[in-house]
Amino acid sequence: ALLLNAIAEGANEYPKPEHVNYSYGTAGFRTLATKLPSVLFRVGLLAVLRSKRLEGATIGVMVTASHNPEPDNGVKLVDPSGEMLDPTWEAHATALSNCPSTESLISTFTTLATHLRVDLSQPANIVYAYDTRPSGPELIKALERGLDSFGESVKTSNLGITTTPILHYVVKATNDKTGTYGEPTKKGYNEKMAKAFKTLIGNRGPLAPIYVDCANGVGAVALHEFTSTLGDILPVEPLNTSTSTQGALNHLCGADFVKTKQALPPSIQSSGVLSKAGTRACSFDGDADRIVFYYLHESKGTFRLLDGDKIAVMVAMFLGDLVVKAKLDSEHQLKVGVVQTAYANGSSTKYLTSRNIPVTCVPTGVKHLHHAAQRYDIGVYFEANGHGTVLFSDSAIEALRSASPQSPDSANAIKNLLAFSELINQAVGDALSDMLLVEAVLAHRGWGASEWDAGYEDLPNRLVKVEVPDRSIFVATDAERKLQYPLGLQDKIDETVKKYDMGRSFVRPSGTEDCVRVYAEAKTATEAENLAVAITDIVK
Ligand code: NG1
Ligand code: ZN
């Protein structure tokens, strides 16, 4: 009763706004920050239920809206493994957030605790963090109010302003019973990555400098802290680091801008830093869990994008080569596979398949990619937009650790594979870790950006946001490559696509925005554009 009184008091301070319907989607809750205080309070309650249900395992709470505009914010829960919240709990989050009154919140909370068989006398541990958005501190207060309702039984730890992937790392490291994953702090994260990167670079450094567009977000803070740990083997030149300039976050910069516009951020264009041939740059998104690279074509000076597909292809090929060099016996021959979504450029899929690298296509959303990647010994997953990582299975690590190499070459390959497994964030996509991954592979290959880019040529493509009266009538199937409903629409799409050379197009409802997305690719830019327009007309 004490607990319910405390919850009721907090709930009265954070009433749910009327006429708002919340939904815990692929990226948690995400909307205008002003609509979120009641949601944060209630997410605090759910985080505690989840932790108590799991006998006090540490649960993470991240407050961010990633690449969305500055006035937005959001919140998502991180499970003890460092992965996204168990999907069966998403509905509980949605239910709690939509209770119209304090009374209904109390009754839903009580019902949930009973149905989920939560023993409220169990301890709970929660670690939370937030990005640089001005709305962060107020929302954190609402979260803390929710957590504090439980009194002494809940231990909380505030990581402060940090990136989404660092929070995931800390959650995973905290829950790691073997104590081998790393120290569960920001410092532990930086040291683990710096050590693995130094092992991989060896005497290949110092490397050529890289320019990093931080989207004026939290990546700037994390990058600064990391580079002071790393030292000078990789000279990093941070750009767009204005975390306290109002309106700057994600504005005309960042990974989402670069990928969508397929162009340089104007600030980088005008600075001229990329004009020296061979210079490469990358962009993080607003919470530093996505990264894309780019450079200017040596003779033409045109913008060349190296997106998530390009990263996946280069990394999968390289790790595949290392596995061969490692010469593990046939029983332990590790299988490297790639997981993509329908947004992967058709050329990348074709290239991988032609080189006998297995490719799985899954629906949009990190949880789908992550789980499919876990089915490979070494699973590389990237969304075209630059969110991704590489997962090493426990049995792969075991095989590498117990191998008895027959030559110095194999011994080296094994050592490097193990170092990659340490360098790469095993919980979630991570811009900082992925940047080092790419730099390490380039250093080993002896490649610059243009050699990396040379593997295959992207098909011209277009992604269009279409506003429709009701996006819920659109139901996708076959890893979102086809529309099941409205009936008959897919036939019309197929008819149209047929008319375009190397044409491919699909339509799906967005999971994060109130729109339907149309993707189209074809042999030429004009055809891709025309196809996108034609499909948009069918959808509207
Ligand atoms: P939606 O809005 O469902 O298309 C977007 C991205 C996803 C993923 C999520 C989560 C595209 C086309 N879609 O999903 O890849 O990153 O946001 O943030 O980029
Ligand atoms: Zn993000």
# chains A, B, ... in the order shown; residues from 1 in each chain; ligands from 1
call {"tool": "closest_atom_pairs", "arguments": {"of": "chain A", "to": "ligand 1", "cutoff": "6 Å", "atoms": "only C-alpha atoms and all ligand atoms", "output": "JSON lines"}}
result
{"residue": "A:Thr26", "atom": "CA", "partner": "ligand 1", "partner_atom_place_in_ligand_line": "10 (C)", "distance": 5.7}
{"residue": "A:Ala27", "atom": "CA", "partner": "ligand 1", "partner_atom_place_in_ligand_line": "10 (C)", "distance": 5.0}
{"residue": "A:Thr364", "atom": "CA", "partner": "ligand 1", "partner_atom_place_in_ligand_line": "15 (O)", "distance": 5.7}
{"residue": "A:Gly365", "atom": "CA", "partner": "ligand 1", "partner_atom_place_in_ligand_line": "8 (C)", "distance": 5.4}
{"residue": "A:Glu383", "atom": "CA", "partner": "ligand 1", "partner_atom_place_in_ligand_line": "15 (O)", "distance": 5.9}
{"residue": "A:Asn385", "atom": "CA", "partner": "ligand 1", "partner_atom_place_in_ligand_line": "19 (O)", "distance": 5.4}
{"residue": "A:Ser510", "atom": "CA", "partner": "ligand 1", "partner_atom_place_in_ligand_line": "3 (O)", "distance": 3.7}
{"residue": "A:Gly511", "atom": "CA", "partner": "ligand 1", "partner_atom_place_in_ligand_line": "3 (O)", "distance": 3.4}
{"residue": "A:Thr512", "atom": "CA", "partner": "ligand 1", "partner_atom_place_in_ligand_line": "2 (O)", "distance": 4.0}
{"residue": "A:Glu513", "atom": "CA", "partner": "ligand 1", "partner_atom_place_in_ligand_line": "2 (O)", "distance": 5.3}
call {"tool": "write_last_selection", "arguments": {"atoms": "N, CA and C atoms", "output": "mmCIF file, in the first residue's frame"}}
result
data_model
loop_
_atom_site.group_PDB
_atom_site.id
_atom_site.type_symbol
_atom_site.label_atom_id
_atom_site.label_comp_id
_atom_site.auth_asym_id
_atom_site.auth_seq_id
_atom_site.Cartn_x
_atom_site.Cartn_y
_atom_site.Cartn_z
ATOM 1 N N THR A 26 9.635 0.330 -32.628
ATOM 2 C CA THR A 26 10.989 -0.200 -32.867
ATOM 3 C C THR A 26 12.060 0.605 -32.155
ATOM 4 N N ALA A 27 11.772 1.890 -31.880
ATOM 5 C CA ALA A 27 12.777 2.715 -31.215
ATOM 6 C C ALA A 27 12.278 3.156 -29.838
ATOM 7 N N THR A 364 12.706 -4.432 -41.081
ATOM 8 C CA THR A 364 13.353 -3.294 -40.424
ATOM 9 C C THR A 364 13.252 -3.407 -38.907
ATOM 10 N N GLY A 365 14.277 -2.910 -38.226
ATOM 11 C CA GLY A 365 14.249 -2.935 -36.759
ATOM 12 C C GLY A 365 15.402 -3.771 -36.244
ATOM 13 N N GLU A 383 22.035 -1.945 -41.218
ATOM 14 C CA GLU A 383 21.003 -1.314 -42.024
ATOM 15 C C GLU A 383 21.735 -0.359 -42.961
ATOM 16 N N ASN A 385 21.259 2.548 -43.500
ATOM 17 C CA ASN A 385 21.447 3.858 -42.874
ATOM 18 C C ASN A 385 22.628 3.907 -41.905
ATOM 19 N N SER A 510 6.015 3.039 -41.902
ATOM 20 C CA SER A 510 7.110 3.318 -40.974
ATOM 21 C C SER A 510 6.737 2.856 -39.579
ATOM 22 N N GLY A 511 7.733 2.403 -38.823
ATOM 23 C CA GLY A 511 7.491 2.029 -37.440
ATOM 24 C C GLY A 511 7.798 3.169 -36.481
ATOM 25 N N THR A 512 8.344 4.264 -36.994
ATOM 26 C CA THR A 512 8.737 5.362 -36.107
ATOM 27 C C THR A 512 8.072 6.690 -36.450
ATOM 28 N N GLU A 513 7.472 6.777 -37.628
ATOM 29 C CA GLU A 513 6.862 8.046 -38.040
ATOM 30 C C GLU A 513 5.501 7.769 -38.660
#
call {"tool": "residues_around", "arguments": {"residues": "range 460-465 of chain A", "least_positions_apart": "4", "cutoff": "12 Å", "atoms": "only C-alpha atoms", "output": "short mmCIF file (atom, residue, chain, number, x, y, z; two decimals) with N, CA and C atoms, in the first residue's frame"}}
result
data_model
loop_
_atom_site.label_atom_id
_atom_site.label_comp_id
_atom_site.auth_asym_id
_atom_site.auth_seq_id
_atom_site.Cartn_x
_atom_site.Cartn_y
_atom_site.Cartn_z
N LYS A 259 22.91 10.33 -45.36
CA LYS A 259 22.36 9.17 -46.06
C LYS A 259 21.12 9.55 -46.87
N THR A 260 20.24 10.36 -46.28
CA THR A 260 19.00 10.71 -46.97
C THR A 260 19.25 11.66 -48.13
N LYS A 261 20.10 12.68 -47.88
CA LYS A 261 20.35 13.67 -48.94
C LYS A 261 21.40 13.17 -49.92
N GLN A 262 22.14 12.13 -49.55
CA GLN A 262 23.26 11.65 -50.35
C GLN A 262 24.17 12.82 -50.74
N LEU A 305 29.33 8.08 -51.20
CA LEU A 305 28.84 7.60 -49.91
C LEU A 305 29.27 6.16 -49.65
N ALA A 342 15.34 -4.91 -46.52
CA ALA A 342 14.98 -4.63 -47.92
C ALA A 342 15.62 -3.33 -48.42
N TYR A 343 16.02 -2.45 -47.49
CA TYR A 343 16.63 -1.18 -47.90
C TYR A 343 18.08 -1.35 -48.36
N ALA A 344 18.66 -2.53 -48.20
CA ALA A 344 20.03 -2.73 -48.67
C ALA A 344 20.06 -2.56 -50.18
N ASN A 345 21.06 -1.88 -50.66
CA ASN A 345 21.17 -1.67 -52.10
C ASN A 345 21.30 -3.02 -52.81
N GLY A 346 20.54 -3.19 -53.88
CA GLY A 346 20.54 -4.46 -54.62
C GLY A 346 21.94 -4.89 -55.03
N SER A 347 22.81 -3.95 -55.35
CA SER A 347 24.17 -4.28 -55.76
C SER A 347 24.95 -4.95 -54.64
N ALA A 384 21.14 -0.12 -44.13
CA ALA A 384 21.79 0.77 -45.10
C ALA A 384 22.10 2.12 -44.46
N ASN A 385 21.26 2.55 -43.50
CA ASN A 385 21.45 3.86 -42.87
C ASN A 385 22.63 3.91 -41.91
N ARG A 471 -2.04 4.84 -42.05
CA ARG A 471 -0.99 3.93 -42.49
C ARG A 471 -1.20 2.50 -42.00
N ASP A 501 14.42 -0.89 -66.04
CA ASP A 501 15.63 -1.68 -66.12
C ASP A 501 16.23 -1.83 -64.72
N MET A 502 16.44 -3.06 -64.27
CA MET A 502 16.98 -3.37 -62.95
C MET A 502 16.14 -2.73 -61.83
N GLY A 503 14.86 -2.57 -62.10
CA GLY A 503 13.98 -1.92 -61.13
C GLY A 503 13.65 -2.80 -59.93
N ARG A 504 13.55 -2.16 -58.76
CA ARG A 504 13.08 -2.84 -57.55
C ARG A 504 12.43 -1.77 -56.71
N SER A 505 11.29 -2.10 -56.12
CA SER A 505 10.62 -1.11 -55.29
C SER A 505 9.77 -1.83 -54.26
N PHE A 506 9.63 -1.22 -53.09
CA PHE A 506 8.72 -1.79 -52.09
C PHE A 506 8.16 -0.67 -51.24
N VAL A 507 7.04 -0.99 -50.58
CA VAL A 507 6.30 -0.02 -49.79
C VAL A 507 6.05 -0.63 -48.42
N ARG A 508 6.31 0.15 -47.36
CA ARG A 508 5.99 -0.36 -46.01
C ARG A 508 5.62 0.80 -45.10
N PRO A 509 4.79 0.52 -44.08
CA PRO A 509 4.48 1.58 -43.12
C PRO A 509 5.69 1.80 -42.22
N SER A 510 6.02 3.04 -41.90
CA SER A 510 7.11 3.32 -40.97
C SER A 510 6.74 2.86 -39.58
N THR A 512 8.34 4.26 -36.99
CA THR A 512 8.74 5.36 -36.11
C THR A 512 8.07 6.69 -36.45
N GLU A 513 7.47 6.78 -37.63
CA GLU A 513 6.86 8.05 -38.04
C GLU A 513 5.50 7.77 -38.66
N ASP A 514 4.64 8.79 -38.67
CA ASP A 514 3.31 8.61 -39.23
C ASP A 514 3.35 8.75 -40.75
N CYS A 515 3.91 7.76 -41.42
CA CYS A 515 4.01 7.82 -42.88
C CYS A 515 4.23 6.42 -43.43
N VAL A 516 4.16 6.35 -44.77
CA VAL A 516 4.49 5.12 -45.48
C VAL A 516 5.77 5.42 -46.25
N ARG A 517 6.72 4.49 -46.31
CA ARG A 517 7.96 4.75 -47.05
C ARG A 517 7.95 3.98 -48.37
N VAL A 518 8.36 4.68 -49.42
CA VAL A 518 8.50 4.07 -50.73
C VAL A 518 9.99 4.04 -51.06
N TYR A 519 10.50 2.86 -51.36
CA TYR A 519 11.89 2.75 -51.79
C TYR A 519 11.90 2.30 -53.24
N ALA A 520 12.78 2.89 -54.04
CA ALA A 520 12.90 2.48 -55.44
C ALA A 520 14.34 2.53 -55.87
N GLU A 521 14.75 1.53 -56.62
CA GLU A 521 16.08 1.58 -57.24
C GLU A 521 15.97 1.11 -58.67
N ALA A 522 16.87 1.59 -59.52
CA ALA A 522 16.86 1.22 -60.94
C ALA A 522 18.22 1.54 -61.53
N LYS A 523 18.35 1.22 -62.81
CA LYS A 523 19.67 1.32 -63.44
C LYS A 523 20.23 2.74 -63.47
N THR A 524 19.36 3.71 -63.71
CA THR A 524 19.85 5.10 -63.73
C THR A 524 19.10 5.93 -62.68
N ALA A 525 19.69 7.07 -62.34
CA ALA A 525 19.10 7.94 -61.33
C ALA A 525 17.72 8.42 -61.79
N THR A 526 17.59 8.73 -63.08
CA THR A 526 16.30 9.20 -63.60
C THR A 526 15.24 8.12 -63.46
N GLU A 527 15.63 6.89 -63.82
CA GLU A 527 14.67 5.80 -63.71
C GLU A 527 14.27 5.54 -62.25
N ALA A 528 15.25 5.59 -61.35
CA ALA A 528 14.95 5.38 -59.93
C ALA A 528 13.96 6.44 -59.44
N GLU A 529 14.21 7.68 -59.85
CA GLU A 529 13.34 8.80 -59.49
C GLU A 529 11.93 8.59 -60.05
N ASN A 530 11.87 8.24 -61.35
CA ASN A 530 10.56 8.04 -61.98
C ASN A 530 9.80 6.88 -61.35
N LEU A 531 10.53 5.82 -61.03
CA LEU A 531 9.89 4.67 -60.41
C LEU A 531 9.32 5.06 -59.04
N ALA A 532 10.10 5.82 -58.27
CA ALA A 532 9.63 6.25 -56.94
C ALA A 532 8.36 7.08 -57.07
N VAL A 533 8.33 7.96 -58.07
CA VAL A 533 7.15 8.80 -58.28
C VAL A 533 5.95 7.95 -58.69
N ALA A 534 6.18 7.00 -59.59
CA ALA A 534 5.09 6.15 -60.07
C ALA A 534 4.51 5.32 -58.92
N ILE A 535 5.37 4.77 -58.08
CA ILE A 535 4.88 3.94 -56.96
C ILE A 535 4.16 4.83 -55.94
N THR A 536 4.70 6.02 -55.71
CA THR A 536 4.04 6.95 -54.78
C THR A 536 2.62 7.24 -55.24
N ASP A 537 2.44 7.41 -56.54
CA ASP A 537 1.10 7.67 -57.08
C ASP A 537 0.16 6.51 -56.81
N VAL A 539 0.32 4.47 -54.29
CA VAL A 539 0.08 4.36 -52.84
C VAL A 539 -0.91 5.41 -52.34
N LYS A 540 -0.83 6.59 -52.93
CA LYS A 540 -1.63 7.72 -52.44
C LYS A 540 -3.14 7.54 -52.64
#
call {"tool": "select_by_dssp", "arguments": {"residues": "range 44-262 of chain A", "states": "helix (DSSP H, G or I)", "output": "JSON, numbers by chain"}}
result
{"A": [44, 45, 46, 47, 48, 49, 50, 51, 52, 53, 87, 88, 89, 90, 91, 92, 93, 94, 95, 96, 97, 98, 102, 103, 104, 105, 106, 107, 108, 109, 110, 111, 112, 113, 114, 115, 136, 137, 138, 139, 140, 141, 142, 143, 144, 145, 146, 147, 148, 151, 152, 153, 164, 165, 166, 167, 168, 169, 170, 171, 172, 173, 174, 175, 186, 187, 188, 189, 190, 191, 192, 193, 194, 195, 196, 197, 198, 199, 200, 201, 202, 203, 204, 218, 219, 220, 221, 222, 223, 224, 225, 226, 227, 228, 229, 230, 255, 256, 257, 258, 259, 260, 261]}
call {"tool": "select_by_dssp", "arguments": {"residues": "range 45-169 of chain A", "states": "strand (DSSP E)", "output": "ChimeraX atom specification"}}
result
/A:58-63,72-78,124-130,154-161
call {"tool": "closest_atom_pairs", "arguments": {"of": "range 382-447 of chain A", "to": "range 78-94 of chain A", "cutoff": "10 Å", "atoms": "only C-alpha atoms", "output": "tab-separated table"}}
result
residue	atom	partner	partner_atom	distance
A:Asn425	CA	A:Gly82	CA	9.9
A:Gln426	CA	A:Gly82	CA	8.3
A:Ala427	CA	A:Gly82	CA	5.1
A:Val428	CA	A:Glu83	CA	6.7
call {"tool": "residues_around", "arguments": {"residues": "Val390 in chain A", "least_positions_apart": "3", "cutoff": "12 Å", "atoms": "only C-alpha atoms", "output": "PyMOL selection string"}}
result
chain A and resi 311-313+315-316+319+336-339+369-382+387+393+417+420-430+433-434+437-438
call {"tool": "write_last_selection", "arguments": {"atoms": "N, CA and C atoms", "output": "CSV table (one decimal), in the first residue's frame"}}
result
chain,number,residue,atom,x,y,z
A,311,ILE,N,29.8,-0.9,-45.5
A,311,ILE,CA,30.6,-1.4,-44.3
A,311,ILE,C,30.4,-2.9,-44.2
A,312,ALA,N,29.1,-3.3,-44.3
A,312,ALA,CA,28.8,-4.8,-44.1
A,312,ALA,C,29.6,-5.6,-45.1
A,313,VAL,N,29.7,-5.2,-46.3
A,313,VAL,CA,30.3,-6.0,-47.4
A,313,VAL,C,31.8,-6.0,-47.1
A,315,VAL,N,33.5,-5.5,-44.3
A,315,VAL,CA,33.8,-6.2,-43.0
A,315,VAL,C,33.6,-7.7,-43.2
A,316,ALA,N,32.5,-8.1,-43.8
A,316,ALA,CA,32.2,-9.6,-44.0
A,316,ALA,C,33.3,-10.2,-44.8
A,319,LEU,N,36.5,-10.4,-42.6
A,319,LEU,CA,36.5,-11.4,-41.5
A,319,LEU,C,36.5,-12.8,-42.1
A,336,VAL,N,30.7,-17.1,-41.7
A,336,VAL,CA,30.4,-15.6,-41.7
A,336,VAL,C,29.2,-15.3,-42.5
A,337,GLY,N,28.2,-14.7,-42.0
A,337,GLY,CA,27.0,-14.3,-42.8
A,337,GLY,C,26.6,-12.9,-42.6
A,338,VAL,N,25.8,-12.4,-43.5
A,338,VAL,CA,25.4,-11.0,-43.4
A,338,VAL,C,23.9,-10.9,-43.3
A,339,VAL,N,23.4,-10.0,-42.5
A,339,VAL,CA,21.9,-9.8,-42.4
A,339,VAL,C,21.6,-8.4,-42.9
A,369,LEU,N,17.3,-7.8,-37.0
A,369,LEU,CA,18.7,-7.9,-37.5
A,369,LEU,C,19.5,-8.7,-36.5
A,370,HIS,N,19.4,-8.2,-35.2
A,370,HIS,CA,20.3,-8.8,-34.2
A,370,HIS,C,20.0,-10.3,-34.0
A,371,HIS,N,18.8,-10.7,-34.0
A,371,HIS,CA,18.5,-12.1,-33.8
A,371,HIS,C,18.9,-12.9,-35.0
A,372,ALA,N,18.7,-12.4,-36.2
A,372,ALA,CA,19.1,-13.2,-37.4
A,372,ALA,C,20.7,-13.4,-37.4
A,373,ALA,N,21.4,-12.3,-36.9
A,373,ALA,CA,22.8,-12.4,-36.9
A,373,ALA,C,23.3,-13.4,-35.9
A,374,GLN,N,22.6,-13.6,-34.9
A,374,GLN,CA,23.0,-14.6,-33.8
A,374,GLN,C,23.0,-16.0,-34.4
A,375,ARG,N,22.4,-16.2,-35.5
A,375,ARG,CA,22.3,-17.6,-36.1
A,375,ARG,C,23.6,-17.9,-36.8
A,376,TYR,N,24.5,-16.9,-37.1
A,376,TYR,CA,25.7,-17.2,-37.7
A,376,TYR,C,26.8,-17.3,-36.7
A,377,ASP,N,28.0,-18.0,-37.0
A,377,ASP,CA,29.1,-18.0,-36.1
A,377,ASP,C,29.6,-16.6,-35.9
A,378,ILE,N,29.7,-15.9,-37.1
A,378,ILE,CA,30.1,-14.5,-37.1
A,378,ILE,C,29.0,-13.8,-37.9
A,379,GLY,N,28.1,-13.1,-37.3
A,379,GLY,CA,27.0,-12.5,-38.0
A,379,GLY,C,27.2,-11.0,-38.2
A,380,VAL,N,27.3,-10.5,-39.4
A,380,VAL,CA,27.5,-9.1,-39.7
A,380,VAL,C,26.1,-8.5,-40.0
A,381,TYR,N,25.6,-7.5,-39.3
A,381,TYR,CA,24.4,-6.9,-39.7
A,381,TYR,C,24.5,-5.4,-39.7
A,382,PHE,N,24.0,-4.9,-40.8
A,382,PHE,CA,23.9,-3.4,-41.0
A,382,PHE,C,22.7,-3.0,-41.7
A,387,HIS,N,23.3,1.7,-39.2
A,387,HIS,CA,23.2,1.1,-37.9
A,387,HIS,C,23.5,-0.4,-38.0
A,393,SER,N,29.5,-15.5,-32.0
A,393,SER,CA,28.8,-16.5,-31.1
A,393,SER,C,29.7,-17.0,-30.1
A,417,LEU,N,41.1,-12.0,-35.0
A,417,LEU,CA,39.7,-12.2,-34.9
A,417,LEU,C,39.2,-12.0,-33.4
A,420,PHE,N,39.1,-8.3,-32.8
A,420,PHE,CA,37.8,-7.7,-33.4
A,420,PHE,C,36.6,-8.0,-32.6
A,421,SER,N,36.6,-9.2,-32.0
A,421,SER,CA,35.4,-9.5,-31.1
A,421,SER,C,35.4,-8.6,-29.9
A,422,GLU,N,36.5,-8.1,-29.5
A,422,GLU,CA,36.6,-7.2,-28.3
A,422,GLU,C,36.3,-5.7,-28.8
A,423,LEU,N,36.7,-5.4,-30.0
A,423,LEU,CA,36.6,-4.0,-30.5
A,423,LEU,C,35.1,-3.7,-30.8
A,424,ILE,N,34.4,-4.7,-31.3
A,424,ILE,CA,33.1,-4.5,-31.8
A,424,ILE,C,32.0,-4.7,-30.7
A,425,ASN,N,31.2,-3.7,-30.5
A,425,ASN,CA,30.1,-3.7,-29.5
A,425,ASN,C,29.2,-4.9,-29.8
A,426,GLN,N,29.2,-5.8,-28.8
A,426,GLN,CA,28.4,-7.0,-29.0
A,426,GLN,C,26.9,-6.9,-28.6
A,427,ALA,N,26.5,-5.6,-28.2
A,427,ALA,CA,25.2,-5.4,-27.7
A,427,ALA,C,24.3,-4.8,-28.8
A,428,VAL,N,24.9,-3.8,-29.5
A,428,VAL,CA,24.1,-3.0,-30.4
A,428,VAL,C,25.0,-2.2,-31.4
A,429,GLY,N,24.5,-1.6,-32.4
A,429,GLY,CA,25.2,-0.8,-33.3
A,429,GLY,C,25.9,0.4,-32.6
A,430,ASP,N,27.1,0.7,-33.0
A,430,ASP,CA,27.9,1.7,-32.2
A,430,ASP,C,28.8,2.5,-33.1
A,433,SER,N,32.6,2.5,-32.1
A,433,SER,CA,33.2,1.1,-32.3
A,433,SER,C,33.3,0.8,-33.8
A,434,ASP,N,32.2,1.1,-34.6
A,434,ASP,CA,32.2,0.8,-36.0
A,434,ASP,C,33.2,1.6,-36.8
A,437,LEU,N,36.4,-0.2,-36.2
A,437,LEU,CA,36.3,-1.4,-37.0
A,437,LEU,C,36.7,-1.1,-38.5
A,438,VAL,N,36.1,-0.1,-39.1
A,438,VAL,CA,36.4,0.2,-40.5
A,438,VAL,C,37.8,0.7,-40.6
call {"tool": "closest_atom_pairs", "arguments": {"of": "chain A", "to": "ligand 2", "cutoff": "7 Å", "atoms": "only C-alpha atoms and all ligand atoms", "output": "tab-separated table"}}
result
residue	atom	partner	partner_atom_place_in_ligand_line	distance
A:Ser66	CA	ligand 2	1 (Zn)	3.9
A:His67	CA	ligand 2	1 (Zn)	5.7
A:Asp285	CA	ligand 2	1 (Zn)	5.5
A:Gly286	CA	ligand 2	1 (Zn)	5.9
A:Asp287	CA	ligand 2	1 (Zn)	4.8
A:Ala288	CA	ligand 2	1 (Zn)	5.8
A:Asp289	CA	ligand 2	1 (Zn)	4.6
A:Arg290	CA	ligand 2	1 (Zn)	5.6
call {"tool": "residues_around", "arguments": {"residues": "Asp148 in chain A", "least_positions_apart": "5", "cutoff": "10 Å", "atoms": "only C-alpha atoms", "output": "PyMOL selection string"}}
result
chain A and resi 3+6-7+10+41+44-45+48+142-143+153-156
call {"tool": "write_last_selection", "arguments": {"atoms": "C-alpha atoms", "output": "mmCIF file, in the first residue's frame"}}
result
data_model
loop_
_atom_site.group_PDB
_atom_site.id
_atom_site.type_symbol
_atom_site.label_atom_id
_atom_site.label_comp_id
_atom_site.auth_asym_id
_atom_site.auth_seq_id
_atom_site.Cartn_x
_atom_site.Cartn_y
_atom_site.Cartn_z
ATOM 1 C CA LEU A 3 4.236 1.611 -2.714
ATOM 2 C CA ALA A 6 4.019 6.615 -3.608
ATOM 3 C CA ILE A 7 3.177 5.720 -7.212
ATOM 4 C CA GLY A 10 4.160 10.653 -8.511
ATOM 5 C CA PHE A 41 7.549 8.312 -15.006
ATOM 6 C CA GLY A 44 10.524 4.021 -14.548
ATOM 7 C CA LEU A 45 7.831 1.781 -13.055
ATOM 8 C CA VAL A 48 11.684 -1.738 -11.996
ATOM 9 C CA ALA A 142 10.306 12.223 -14.233
ATOM 10 C CA LEU A 143 12.068 8.886 -14.688
ATOM 11 C CA SER A 153 14.631 -1.856 -2.920
ATOM 12 C CA VAL A 154 15.733 -0.081 -6.109
ATOM 13 C CA LYS A 155 19.370 0.825 -6.739
ATOM 14 C CA THR A 156 19.900 3.349 -9.485
#
call {"tool": "closest_residue", "arguments": {"among": "A:Lys16, A:Arg42, A:Lys35, A:His368", "to": "Val61 in chain A", "atoms": "only C-alpha atoms"}}
result
A:Arg42
call {"tool": "residues_around", "arguments": {"residues": "Asn190 in chain A", "least_positions_apart": "4", "cutoff": "12 Å", "atoms": "only C-alpha atoms", "output": "ChimeraX atom specification"}}
result
/A:165-166,169-170,182-186,194-197,222-231,422-423,425,432-433,436
call {"tool": "residues_around", "arguments": {"residues": "Glu331 in chain A", "least_positions_apart": "3", "cutoff": "12 Å", "atoms": "only C-alpha atoms", "output": "compact mmCIF listing (two decimals) with N, CA and C atoms, in the first residue's frame"}}
result
# COMPACT_ATOMS: atom_id res chain seq x y z
N LYS A 327 42.65 -21.06 -40.33
CA LYS A 327 42.74 -22.50 -40.55
C LYS A 327 42.26 -23.31 -39.35
N LEU A 328 41.07 -22.99 -38.89
CA LEU A 328 40.48 -23.82 -37.84
C LEU A 328 40.10 -25.13 -38.51
N LEU A 334 34.38 -21.57 -39.11
CA LEU A 334 33.34 -20.61 -38.74
C LEU A 334 32.66 -20.06 -39.98
N LYS A 335 31.36 -19.86 -39.87
CA LYS A 335 30.60 -19.35 -41.00
C LYS A 335 30.30 -17.86 -40.77
N SER A 395 30.25 -20.01 -29.33
CA SER A 395 31.02 -21.16 -29.82
C SER A 395 32.16 -20.70 -30.72
N ALA A 396 31.96 -19.58 -31.44
CA ALA A 396 33.04 -19.05 -32.27
C ALA A 396 34.21 -18.60 -31.39
N ALA A 399 35.97 -21.59 -30.05
CA ALA A 399 36.82 -22.23 -31.07
C ALA A 399 38.11 -21.44 -31.27
N ALA A 403 41.90 -22.92 -30.25
CA ALA A 403 42.59 -23.39 -31.46
C ALA A 403 44.09 -23.55 -31.21
call {"tool": "closest_residue", "arguments": {"among": "A:Gly202, A:Pro71, A:Pro238, A:Gly446", "to": "Ile268 in chain A", "atoms": "only C-alpha atoms"}}
result
A:Pro238
call {"tool": "residues_around", "arguments": {"residues": "Ile106 in chain A", "least_positions_apart": "6", "cutoff": "10 Å", "atoms": "only C-alpha atoms", "output": "PyMOL selection string"}}
result
chain A and resi 4-5+7-8+11+96+99+112
call {"tool": "write_last_selection", "arguments": {"atoms": "C-alpha atoms", "output": "mmCIF file, in the first residue's frame"}}
result
data_model
loop_
_atom_site.group_PDB
_atom_site.id
_atom_site.type_symbol
_atom_site.label_atom_id
_atom_site.label_comp_id
_atom_site.auth_asym_id
_atom_site.auth_seq_id
_atom_site.Cartn_x
_atom_site.Cartn_y
_atom_site.Cartn_z
ATOM 1 C CA LEU A 4 0.893 2.287 -4.394
ATOM 2 C CA ASN A 5 0.572 5.547 -2.464
ATOM 3 C CA ILE A 7 3.177 5.720 -7.212
ATOM 4 C CA ALA A 8 -0.125 7.608 -7.013
ATOM 5 C CA ALA A 11 1.493 9.910 -11.101
ATOM 6 C CA LEU A 96 1.125 1.697 -18.851
ATOM 7 C CA CYS A 99 -3.586 4.821 -18.738
ATOM 8 C CA LEU A 112 0.820 -6.359 -14.645
#
call {"tool": "atom_distance", "arguments": {"atom1": "CA of Ile291 in chain A", "atom2": "CA of Val43 in chain A"}}
result
28.3 Å
call {"tool": "closest_residue", "arguments": {"among": "A:Pro17, A:Pro69, A:Gly448, A:Pro363", "to": "Pro209 in chain A", "atoms": "only C-alpha atoms"}}
result
A:Gly448
call {"tool": "atom_distance", "arguments": {"atom1": "CA of Ile414 in chain A", "atom2": "CA of His444 in chain A"}}
result
14.3 Å
call {"tool": "atom_distance", "arguments": {"atom1": "CA of Ser283 in chain A", "atom2": "CA of Thr341 in chain A"}}
result
21.1 Å
